[in-house]
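Heads up: the structure comes next, in structure tokens.
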Amino acid sequence: MSRPAMTTVSTSPYLHDTATTPKIMWEVVFSLLPMVAAAWYFFGLGAFMVVFFSTMGSMLTEFFFTSGDRWKAVRDGSGLITGILLGLCLPPGFPLWMAFMGGVVAIGMGKVIWGGLGQNVFNPALVGRAFLQAAFPTAITTWSPPDGGWFSLNSGNAAWPFMQADHVDAISTATPLSQMKFEHVFAPTSDLFLGNIPGSLGETSSVLLLLAGIYLLVRKIINWRIPVSILTTVAVMSAIFWWIDPKVYPSPDFMLFSGGLLLGTFYMATDLVTSPITPKGLWWYGFGIGFFVVLIRLWGGLPEGVMYAILLMNAATPLINKFTRIKPYGYR
Amino acid sequence: MTADFKISTFKHGVHPEEFKHLTDSRLIEQMPFVDEYVLPLGQHIGAPSIPIVRKGQKVRRGEKIADPGGFVSVALHSPVDGIVKAIELAETNTGQMVQSIRIQADPYSSQIFVPHPPTPYEDLSIDEFIRSVQQSGLVGLGGAAFPAHVKFKIPQGKTCKYIMLNGCECEPFLTSDHRTMVEKPDDVIHGIRILQHFVKAEKVFIGIEDNKPDAIKVLREKASSSGLPIEVVSLKVKYPQGAEKMLITAILNKEVPSGKLPLDVETLVSNVSSIAALSEWFQTGKPLIDRVVTVTGNAIRQPSNLRVPIGTSMNEVIRYCGGLLTQNIRLLLGGPMMGLVQRSTTIPVVKGTSGMLFIEEEKIADMDAYSCIRCGRCVDACPMFLNPSALGMLAKKALWEDMEENHVMDCFECGSCSFVCPSHIPLVQSFRVAKGILKKRKASELSKA
């Protein structure tokens, strides 16, 4: 009998679970596609182009600025999530070059600069969104209403870089949240639920977001503690104020289904990299986000607070991990 | 009895694919005798045995060839009638060269073992019983090979309320305990009777995972007619349930405090096959000269459960099982989760060899490693409730002291974290390194002081 070749030696375990980081990331990407399709359906081709350009910005930045294996970084799918998510939290008439810039900043400043996948403190998509909000405050608050036509392009989309966008024929309307904030007018929950409202691309249809969220929960890609604690905190806090004065403060269902809360809850707050890892830490994190969302929405200078709430709690995550250590077996 | 329907388990853990179908219905076969046997003197945890035979001396099957080298040590016996050829260094499963007794089998011997039972256990005092077990060469057959008599000796001031037999066999692929329980249930029950005679526990649990319904059924039947306080507990299939601490938590819902032993929660845990071997010793006087080994994997022609004489070369076992399907294999001793990889097949089967797993090299995926994405799957898998993600980051920076602060020493290296990690980070592998370095440091500090 010839001697078997046993040249490579490593240590156990030799079995491995089937889940891999790229598989997890790609599954999130696929779960986002219905939202992209819905954005296209509600807002036309322009909406899809916004998502496409922000994704291109993300992917190209990932490719050109990653040190080490570029193709591996592009293939793992995490940059794709960032690009799509960023696109989904932009308004439909957003200039495409700005969307592209947002993608560049999201990956460049939100991820690559920290050391790439897994190293960033802040959710990259929200870093990109925060940059766009600071750089182009007018464009990012110009909401066009949902209008028919699969191939309708919004004139805002085609604006040239560093030129003032031509908003003459763009009908700017108020989102339900700004109506709530500045006029105390509350949109009916049924409209919020189906998505027939002005707003960012992916924020409009609560039904789709809930379905996608449930899918991610069932597949155990996101941790259930985060959505449960965020949504409970928002519901309870807003219920208290609604009970105090329903004319000034919105109802809990309005708070839950308007704006970017569901998108933020299921896709951004649950970002594995930037959320805590300990079970107790996840509860605190979710509670913090819910708290800041209600705080900013009801009393802050902006109509929407999900982005800053998540970014704030991202910053607190290392500290939360530190103070919510798990008690090991045998110490209890 | 409501207990019959109770399904218990511990918290966390993982569920790897089982692969037990390869051998779980195959009867235990006797491995034929071969020409030569190599018996390392240090097959167990503790001091190596001391040889009492000379080169050229004739030995009988079952004859003692080495004395225990201390209290935490056991005797060693010849697996065959034959001649001592040499006492020399030989390679063994740890990769080290170890003093070993080489015995050439007598080709004309019938190799029939003539029973000569030791003093009946009923007539022994507890100390005589412990000594008798030590002389039988019995060690824990689950894989760790800890001398059995040391466990059976309850120290002064400690009480033992429960005896727990470990029939989980939670490692994928392995079926040797399973087959032993199904084929030798009377030995298991009789072993309990012997141990119970000395320990006098309130209750005896046999913990078996519910993927072995035949073993659960037959042992329940035998237990109910035995007159002993035995409860067969059906456990939900989960890895690493066969770890002592996890088994205790699964059955008693109690935690063993860090750094303590099962006896600190009044429990004695033993592998089922060891108990069957204990019964064999007192019934026939046959010491531990063979053991059941699961030979399995996708690279061996005929996966089998074999009763292999200790000291048989693994090459002979491969030959008996029809040879390898490919030369490009990896041999693991034990299961795939905690097994030891081997660089050679020219090593003997020893007392701790519960399984020989031959995996085709290509089937071991060449896995791309990614950064930690802090998904927390390892945190949810760790049965010790450690934070492998944080430990892994510390290991990358060689911050061993910080790892100790994060309880890396409580890790018993089950590998659940590495199993689930989607980024393929070598978590448990780096913890082993850290534990080794920390242990070495502690030892050198002690020697300085």
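Order determines the names: the first chain of the structure tokens is A, the second B, and so forth; residues in each chain are numbered 1 upward, and ligands are numbered 1 upward as they are shown.
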Next item on the list: Looking only at alpha helix (DSSP H) from DSSP on the backbone, list the matching residues of range 79-194 of chain B as a PyMOL selection string.
Entry: chain B and resi 126-135+148-152+176-183+185-194
May I have a table of the residues of chain A lying at most 7 Å from chain B, giving each one's closest pair of atoms and their distance in Å to one decimal, counting only C-alpha atoms, ordered by chain and ascending residue number, as CSV?
```
residue,atom,partner,partner_atom,distance
A:Pro4,CA,B:Gln327,CA,4.5
A:Ala5,CA,B:Asn328,CA,5.3
A:Met6,CA,B:Arg343,CA,5.7
A:Val9,CA,B:Val341,CA,6.7
A:Ser10,CA,B:Val341,CA,7.0
A:Thr11,CA,B:Val341,CA,6.4
A:Ser12,CA,B:Met338,CA,5.4
A:Pro13,CA,B:Met337,CA,4.1
A:Tyr14,CA,B:Pro336,CA,5.2
A:Leu15,CA,B:Pro336,CA,6.2
A:His16,CA,B:Phe419,CA,4.6
A:Asp17,CA,B:Val420,CA,5.2
A:Ala19,CA,B:Pro422,CA,5.4
A:Thr20,CA,B:Pro422,CA,3.8
A:Thr21,CA,B:Pro422,CA,4.8
A:Leu117,CA,B:Ser371,CA,6.2
A:Gly118,CA,B:Ile373,CA,4.5
A:Leu272,CA,B:Cys375,CA,5.0
A:Val273,CA,B:Ile373,CA,4.9
A:Ile277,CA,B:Gly376,CA,5.3
A:Ile326,CA,B:Phe385,CA,6.7
A:Lys327,CA,B:Phe385,CA,6.7
A:Pro328,CA,B:Phe385,CA,4.5
A:Tyr329,CA,B:Met384,CA,4.7
A:Gly330,CA,B:Pro257,CA,3.9
A:Tyr331,CA,B:Pro257,CA,6.0
```
Selection file, N, CA and C atoms, as a compact mmCIF listing (two decimals), in the first residue's frame:
```
# COMPACT_ATOMS: atom_id res chain seq x y z
N PRO A 4 -0.46 7.29 1.98
CA PRO A 4 -1.36 8.36 1.59
C PRO A 4 -0.68 9.72 1.71
N ALA A 5 -1.04 10.62 0.80
CA ALA A 5 -0.50 11.97 0.88
C ALA A 5 -1.24 12.73 1.98
N MET A 6 -0.56 13.09 3.01
CA MET A 6 -1.21 13.82 4.10
C MET A 6 -0.38 15.05 4.39
N VAL A 9 -1.81 20.03 7.07
CA VAL A 9 -2.25 19.74 8.43
C VAL A 9 -2.88 21.00 8.99
N SER A 10 -4.09 20.86 9.53
CA SER A 10 -4.70 21.98 10.23
C SER A 10 -5.39 21.40 11.44
N THR A 11 -5.99 22.23 12.25
CA THR A 11 -6.63 21.68 13.44
C THR A 11 -8.15 21.75 13.31
N SER A 12 -8.82 20.96 14.15
CA SER A 12 -10.28 20.83 14.08
C SER A 12 -10.93 22.17 14.44
N PRO A 13 -12.18 22.40 14.14
CA PRO A 13 -13.11 21.50 13.48
C PRO A 13 -12.96 21.46 11.96
N TYR A 14 -13.39 20.34 11.39
CA TYR A 14 -13.29 20.13 9.95
C TYR A 14 -14.64 20.21 9.28
N LEU A 15 -15.67 20.38 10.07
CA LEU A 15 -16.99 20.59 9.48
C LEU A 15 -17.28 22.08 9.56
N HIS A 16 -18.08 22.53 8.64
CA HIS A 16 -18.42 23.94 8.67
C HIS A 16 -19.86 24.16 8.26
N ASP A 17 -20.47 25.12 8.94
CA ASP A 17 -21.82 25.52 8.61
C ASP A 17 -21.83 26.04 7.17
N ALA A 19 -23.41 28.61 5.97
CA ALA A 19 -23.48 30.07 5.82
C ALA A 19 -22.09 30.66 5.69
N THR A 20 -21.94 31.57 4.72
CA THR A 20 -20.68 32.29 4.62
C THR A 20 -21.01 33.77 4.54
N THR A 21 -20.03 34.60 4.80
CA THR A 21 -20.26 36.04 4.79
C THR A 21 -20.83 36.51 3.44
N LEU A 117 -14.38 45.79 5.00
CA LEU A 117 -15.48 45.01 5.58
C LEU A 117 -15.25 44.69 7.06
N GLY A 118 -16.23 45.02 7.85
CA GLY A 118 -16.17 44.62 9.26
C GLY A 118 -15.48 45.60 10.17
N LEU A 272 -24.98 44.18 10.70
CA LEU A 272 -24.25 43.32 11.64
C LEU A 272 -23.01 44.01 12.18
N VAL A 273 -22.32 44.69 11.26
CA VAL A 273 -21.01 45.24 11.64
C VAL A 273 -21.15 46.34 12.68
N ILE A 277 -22.97 43.14 19.78
CA ILE A 277 -22.92 41.69 19.58
C ILE A 277 -23.53 40.95 20.75
N ILE A 326 -21.19 39.27 28.39
CA ILE A 326 -21.99 38.11 28.74
C ILE A 326 -21.32 37.42 29.91
N LYS A 327 -22.13 36.93 30.83
CA LYS A 327 -21.57 36.15 31.93
C LYS A 327 -21.34 34.73 31.45
N PRO A 328 -20.09 34.27 31.51
CA PRO A 328 -19.84 32.93 30.99
C PRO A 328 -20.46 31.84 31.86
N TYR A 329 -20.59 30.67 31.27
CA TYR A 329 -21.04 29.46 31.97
C TYR A 329 -20.13 29.22 33.17
N GLY A 330 -20.74 28.92 34.28
CA GLY A 330 -19.93 28.60 35.45
C GLY A 330 -19.63 29.79 36.34
N TYR A 331 -20.11 30.97 35.95
CA TYR A 331 -19.92 32.15 36.80
C TYR A 331 -21.25 32.67 37.34
```
Next item on the list: Quick one: pull the distance between CA of Ala75 in chain B and CA of Met314 in chain B, Å, one decimal.
Entry: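 A separation of 22.6 Å between them.
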Note to self: I'd like the neighbourhood of Gly128 in chain A as an NGL selection string, where a residue qualifies if any of its atoms comes within 12 Å (using only C-alpha atoms), though same-chain residues fewer than 6 positions away should be ignored.
What the structure shows: :A and (54-55 or 57-58 or 82-90 or 98-111 or 122 or 134-136 or 307 or 311)
